[in-house]
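Note sheet for the following structure.
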Amino acid sequence: FFEQVWFGWVLLLLKIFTSKPIYIRAHNIEFARFKSIGKIWWPLLFLYEKYTYKVANKTFFLTENDRQNALTIFKLNPNKTQVIPYGVNIRSMPQKNTSANSTIKQRHKIDEVDKIILFYGTMGYKPNNDAVLFLIEKLESELKAYPLFNYKILVCGKNLPLDIVEKIRSCHSIIYCGFVDNLNEYIHGADVVVNPIFSGGGIKTKAIDALAQNANLVSTETGAIGIETSVCGTKLHIVKDNDVKGFAEAIINYCTKTTADIPNQFYETYNWEEIIKKINLD
C-alpha cells in the first residue's frame with residue numbers, strides 16, 4: 001500500500017521482484033493540483049502520475065469526482081479503481097465542549113458579544129495562504145457592511161508567511177493564533193468554521209474534520225469538492241467561489257440561527273471502520 005504517487009518509480013520493480021499486488025491511495029489528482037497553483041512542471045507530473053496508476057493493481061480515490069476525472073484523463077480501467085473517502089475516527093456526534101467559547105474569548109481577549117469565525121489549516125501552502133488573504137482583503141470589508149454584527153475571525157495554523165501576519169496585525173477583527181494544541185476546542189468554540197479555498201485538488205480534509213465535530217461550515221464550491229452533501233444536513237453551506245456577499249451572509253445566518261445536529265448518516269459515510277468494510281482488493 002502506498003499513500004500518493006510519489007514512490008511510483010519503484011512500483012514496477014516491486015511487482016517484478018516480489019509478485020505482490022500494489023495499491024495506491026490517491027489523495028488528489030496531483031498534476032491538476034499543482035497546475036492550479038501555478039507550477040510550470042505539472043506536465044511532467046502528469047506523465048509520472050499516469051504511469052504510477054497504470055502500474056498499480058488498484059487505485060483508491062478519495063472522491064468520485066477524482067475517480068471519474070482519473071478514468072477520463074489517464075484512461076484507467078474502472079475495475080482497477082475504487083472510492084475510499086477520507087475518514088474520521090469518530091463514530092457518532094461528539095459531546096459539545098460548552099465551555100470552549102468562553103475559554104477562547106478569555107484567552108484572546110475577545111468581547112463576550114462577538115461571534116467567533118474560525119479558519120484553520122497548515123499555512124505556507126498557497127491555497128491556505130490565499131484563503132487568509134481572502135479573509136483580510138475581501139470578507140472583513142464585506143462583514144463590516146453589517147454594523148450590528150460583532151465578530152472576530154480566528155486563524156489557526158503554523159507557518160503563515162510574515163507578510164500575511166503583518167496584514168493581519170492591521171486588521172482589528174482578525175486574530176492570528178498560530179499553532180494551537182487543541183484544535184477541537186477552537187472548533188467547538190466557534191460559531192462558524194469557514195473554508196474559503198479557491199485552488200488545489202481533492203477533498204479538503206479540514207472540512208470533513210469540522211463537520212465531524214458538528215460545526216457549522218461555510219465553504220466555497222472549490223473547498224467543498226468531494227464532500228457528500230446529502231449526509232451533512234444543514235451543517236454545510238456552499239457558496240460560489242467569487243460570491244463574497246453570499247459568503248458573508250451565510251456566516252451571519254449561522255451565527256444568528258440554531259441548526260439541527262449533523263445526521264448520523266455522516267458518520268456512517270466517513271467513519272474509518274465503516275469505510276474499511278467497503279474496501280475491495282480484487
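FYI, nothing fancy with the C-alpha cells labels: chains A, B, ... in order, residues from 1 per chain, ligands from 1 as they appear.
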Set the distance at 7 Å and use only C-alpha atoms: which residues neighbour Glu64 of chain A once local chain neighbours fewer than 2 positions away are removed? I'd like the list as JSON, numbers by chain. {"A": [66, 67, 68, 83, 226]}
With N, CA and C atoms retained, write the just-selected residues as a short mmCIF file (atom, residue, chain, number, x, y, z; two decimals), in the first residue's frame.
```cif
data_model
loop_
_atom_site.label_atom_id
_atom_site.label_comp_id
_atom_site.auth_asym_id
_atom_site.auth_seq_id
_atom_site.Cartn_x
_atom_site.Cartn_y
_atom_site.Cartn_z
N ASP A 66 -12.81 12.72 -8.28
CA ASP A 66 -11.42 12.41 -8.63
C ASP A 66 -11.34 11.11 -9.44
N ARG A 67 -12.12 10.11 -9.04
CA ARG A 67 -12.09 8.83 -9.78
C ARG A 67 -12.53 9.02 -11.22
N GLN A 68 -13.62 9.74 -11.42
CA GLN A 68 -14.12 9.96 -12.77
C GLN A 68 -13.12 10.75 -13.61
N VAL A 83 -13.58 4.23 -4.86
CA VAL A 83 -13.63 5.41 -3.99
C VAL A 83 -13.57 4.96 -2.54
N GLY A 226 -16.04 17.06 -3.52
CA GLY A 226 -15.89 15.71 -3.00
C GLY A 226 -16.66 15.41 -1.74
#
```
Residues near Asp282 of chain A, cut-off 10 Å, only C-alpha atoms, skip fewer than 3 positions along chain, as a PyMOL selection string: chain A and resi 21+57-58+79-80+279
Nearest to Gln82 of chain A, chosen from A:Leu281, A:Ile227, A:Leu135, A:Leu143, with only C-alpha atoms counted in the distances: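 Smallest separation from Gln82 of chain A among the options: A:Leu281.
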Could you tell me, as a PyMOL selection string, which residues of segment 149-270 of chain A DSSP assigns to helix (DSSP H, G or I) when given the backbone? chain A and resi 162-169+183-189+205-212+222-224+229-231+244-256+264-270
Taking into account only C-alpha atoms, which residue in the set A:Ser219, A:Ala56, A:Gly189, A:Leu133 is nearest to Ser19 of chain A?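 Checking each of A:Ser219, A:Ala56, A:Gly189, A:Leu133 against Ser19 of chain A, counting only C-alpha atoms, the winner is A:Ala56.
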One residue among A:Pro127, A:Gly121, A:Gly200, A:Pro85 is nearest to Arg33 of chain A when using only C-alpha atoms, and that residue is A:Gly200
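Distance check against Tyr267 of chain A using only C-alpha atoms: of A:Gln4, A:Ser92, A:Thr98, A:Asn28, the minimum falls on A:Ser92.
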Each residue of segment 160-209 of chain A with at least one atom at most 10 Å from segment 237-261 of chain A should appear once, together with its nearest atom pair and the corresponding distance in Å (one decimal); atoms considered: only C-alpha atoms; ordering: chain, then increasing residue number; output as CSV.
```
residue,atom,partner,partner_atom,distance
A:Ala190,CA,A:Cys255,CA,9.4
A:Asp191,CA,A:Cys255,CA,5.7
A:Val192,CA,A:Tyr254,CA,6.5
A:Val193,CA,A:Ile251,CA,8.6
A:Val194,CA,A:Ile251,CA,8.1
A:Asn195,CA,A:Ile238,CA,9.5
A:Pro196,CA,A:Asp241,CA,7.8
A:Ile197,CA,A:Asp241,CA,8.0
A:Phe198,CA,A:Asp241,CA,6.6
A:Ser199,CA,A:Asp241,CA,9.9
```
Suppose we keep C-alpha atoms; can you now write the selection as a PDB file, in the first residue's frame?
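result.pdb written:
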```pdb
ATOM      1  CA  ALA A 190     -16.512  28.793  17.056  1.00  0.00           C
ATOM      2  CA  ASP A 191     -19.937  29.910  15.924  1.00  0.00           C
ATOM      3  CA  VAL A 192     -18.974  29.048  12.355  1.00  0.00           C
ATOM      4  CA  VAL A 193     -15.987  27.470  10.607  1.00  0.00           C
ATOM      5  CA  VAL A 194     -15.066  28.814   7.150  1.00  0.00           C
ATOM      6  CA  ASN A 195     -13.345  27.087   4.248  1.00  0.00           C
ATOM      7  CA  PRO A 196     -12.630  29.756   1.595  1.00  0.00           C
ATOM      8  CA  ILE A 197     -10.456  27.612  -0.683  1.00  0.00           C
ATOM      9  CA  PHE A 198     -10.109  28.541  -4.369  1.00  0.00           C
ATOM     10  CA  SER A 199      -7.388  26.195  -5.678  1.00  0.00           C
TER      11      SER A 199
END
```
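Taking atom CA of Glu3 of chain A and atom CA of Ile24 of chain A as the two end points, the separation is 5.9 Å.
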For atom CA of Leu211 of chain A and atom CA of Ile117 of chain A, the interatomic separation in Å (one decimal):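 The value is 14.7 Å.
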Out of A:Ala100, A:Lys15, A:Ile29, A:Val55, which residue has the shortest atom-to-atom distance to Leu71 of chain A when counting only C-alpha atoms?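 Comparing A:Ala100, A:Lys15, A:Ile29, A:Val55 against Leu71 of chain A, the winner is A:Ile29.
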Taking only C-alpha atoms into account, which of A:Ile110, A:Ile16, A:Cys177, A:Leu44 comes nearest Asn159 of chain A?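 That would be A:Cys177, the residue with the smallest distance to Asn159 of chain A.
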Hey, what's within 8 Å of Lys204 of chain A if we count only C-alpha atoms and toss same-chain stuff fewer than 6 positions away? As an NGL selection string, please? :A and (223-225)
I need the residues from that last selection saved to file as a PDB file, in the first residue's frame (with C-alpha atoms), if you can.
```pdb
ATOM      1  CA  GLY A 223     -13.445  23.908  -0.922  1.00  0.00           C
ATOM      2  CA  ALA A 224     -16.425  21.548  -0.855  1.00  0.00           C
ATOM      3  CA  ILE A 225     -15.413  19.375  -3.830  1.00  0.00           C
TER       4      ILE A 225
END
```
Please list as a PyMOL selection string every residue within 12 Å of Asp181 of chain A, counting only C-alpha atoms and excluding residues in the same chain fewer than 4 positions away. chain A and resi 156-158+177+185-186
Give me, please, the distance in Å between atom CA of Ser99 of chain A and atom CA of His188 of chain A, quoted to one decimal.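 Distance reported for this atom pair: 8.8 Å.
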Could you produce a table of the residues of segment 78-165 of chain A lying within 7 Å of segment 171-176 of chain A, with the nearest pair of atoms per residue and their separation in Å rounded to one decimal, using only C-alpha atoms, ordered by chain and increasing residue number, as a tab-separated table?
```
residue	atom	partner	partner_atom	distance
A:Tyr151	CA	A:Ser173	CA	6.8
A:Lys152	CA	A:Ser173	CA	4.9
A:Ile153	CA	A:Ile174	CA	4.6
A:Leu154	CA	A:Ile175	CA	5.0
A:Val155	CA	A:Tyr176	CA	4.9
A:Cys156	CA	A:Tyr176	CA	6.4
```
Save out the residues we just selected, all heavy atoms, as an mmCIF file, in the first residue's frame.
```
data_model
loop_
_atom_site.group_PDB
_atom_site.id
_atom_site.type_symbol
_atom_site.label_atom_id
_atom_site.label_comp_id
_atom_site.auth_asym_id
_atom_site.auth_seq_id
_atom_site.Cartn_x
_atom_site.Cartn_y
_atom_site.Cartn_z
ATOM 1 N N TYR A 151 -17.983 40.506 15.583
ATOM 2 C CA TYR A 151 -17.304 39.245 15.314
ATOM 3 C C TYR A 151 -15.794 39.382 15.464
ATOM 4 O O TYR A 151 -15.237 40.483 15.485
ATOM 5 C CB TYR A 151 -17.609 38.780 13.883
ATOM 6 C CG TYR A 151 -17.005 39.701 12.840
ATOM 7 C CD1 TYR A 151 -15.756 39.446 12.276
ATOM 8 C CD2 TYR A 151 -17.675 40.867 12.435
ATOM 9 C CE1 TYR A 151 -15.193 40.306 11.342
ATOM 10 C CE2 TYR A 151 -17.114 41.727 11.503
ATOM 11 C CZ TYR A 151 -15.886 41.442 10.957
ATOM 12 O OH TYR A 151 -15.315 42.302 10.050
ATOM 13 N N LYS A 152 -15.138 38.224 15.561
ATOM 14 C CA LYS A 152 -13.697 38.107 15.439
ATOM 15 C C LYS A 152 -13.412 36.888 14.564
ATOM 16 O O LYS A 152 -14.051 35.834 14.720
ATOM 17 C CB LYS A 152 -13.025 37.912 16.801
ATOM 18 C CG LYS A 152 -12.902 39.176 17.620
ATOM 19 C CD LYS A 152 -11.893 40.148 17.023
ATOM 20 C CE LYS A 152 -11.621 41.343 17.945
ATOM 21 N NZ LYS A 152 -12.794 42.197 18.129
ATOM 22 N N ILE A 153 -12.474 37.044 13.636
ATOM 23 C CA ILE A 153 -12.038 35.931 12.794
ATOM 24 C C ILE A 153 -10.734 35.392 13.377
ATOM 25 O O ILE A 153 -9.761 36.129 13.526
ATOM 26 C CB ILE A 153 -11.811 36.384 11.340
ATOM 27 C CG1 ILE A 153 -13.110 36.943 10.741
ATOM 28 C CG2 ILE A 153 -11.291 35.225 10.489
ATOM 29 C CD1 ILE A 153 -12.929 37.570 9.363
ATOM 30 N N LEU A 154 -10.719 34.110 13.725
ATOM 31 C CA LEU A 154 -9.520 33.471 14.257
ATOM 32 C C LEU A 154 -8.891 32.614 13.166
ATOM 33 O O LEU A 154 -9.586 31.822 12.512
ATOM 34 C CB LEU A 154 -9.847 32.603 15.467
ATOM 35 C CG LEU A 154 -10.537 33.272 16.656
ATOM 36 C CD1 LEU A 154 -10.602 32.319 17.844
ATOM 37 C CD2 LEU A 154 -9.833 34.554 17.053
ATOM 38 N N VAL A 155 -7.594 32.757 12.976
ATOM 39 C CA VAL A 155 -6.843 31.964 12.002
ATOM 40 C C VAL A 155 -5.856 31.086 12.769
ATOM 41 O O VAL A 155 -4.985 31.607 13.477
ATOM 42 C CB VAL A 155 -6.089 32.872 11.008
ATOM 43 C CG1 VAL A 155 -5.233 32.031 10.061
ATOM 44 C CG2 VAL A 155 -7.068 33.736 10.219
ATOM 45 N N CYS A 156 -6.001 29.767 12.632
ATOM 46 C CA CYS A 156 -5.138 28.832 13.350
ATOM 47 C C CYS A 156 -4.299 28.023 12.356
ATOM 48 O O CYS A 156 -4.825 27.550 11.345
ATOM 49 C CB CYS A 156 -5.961 27.859 14.201
ATOM 50 S SG CYS A 156 -6.900 28.660 15.512
#
```
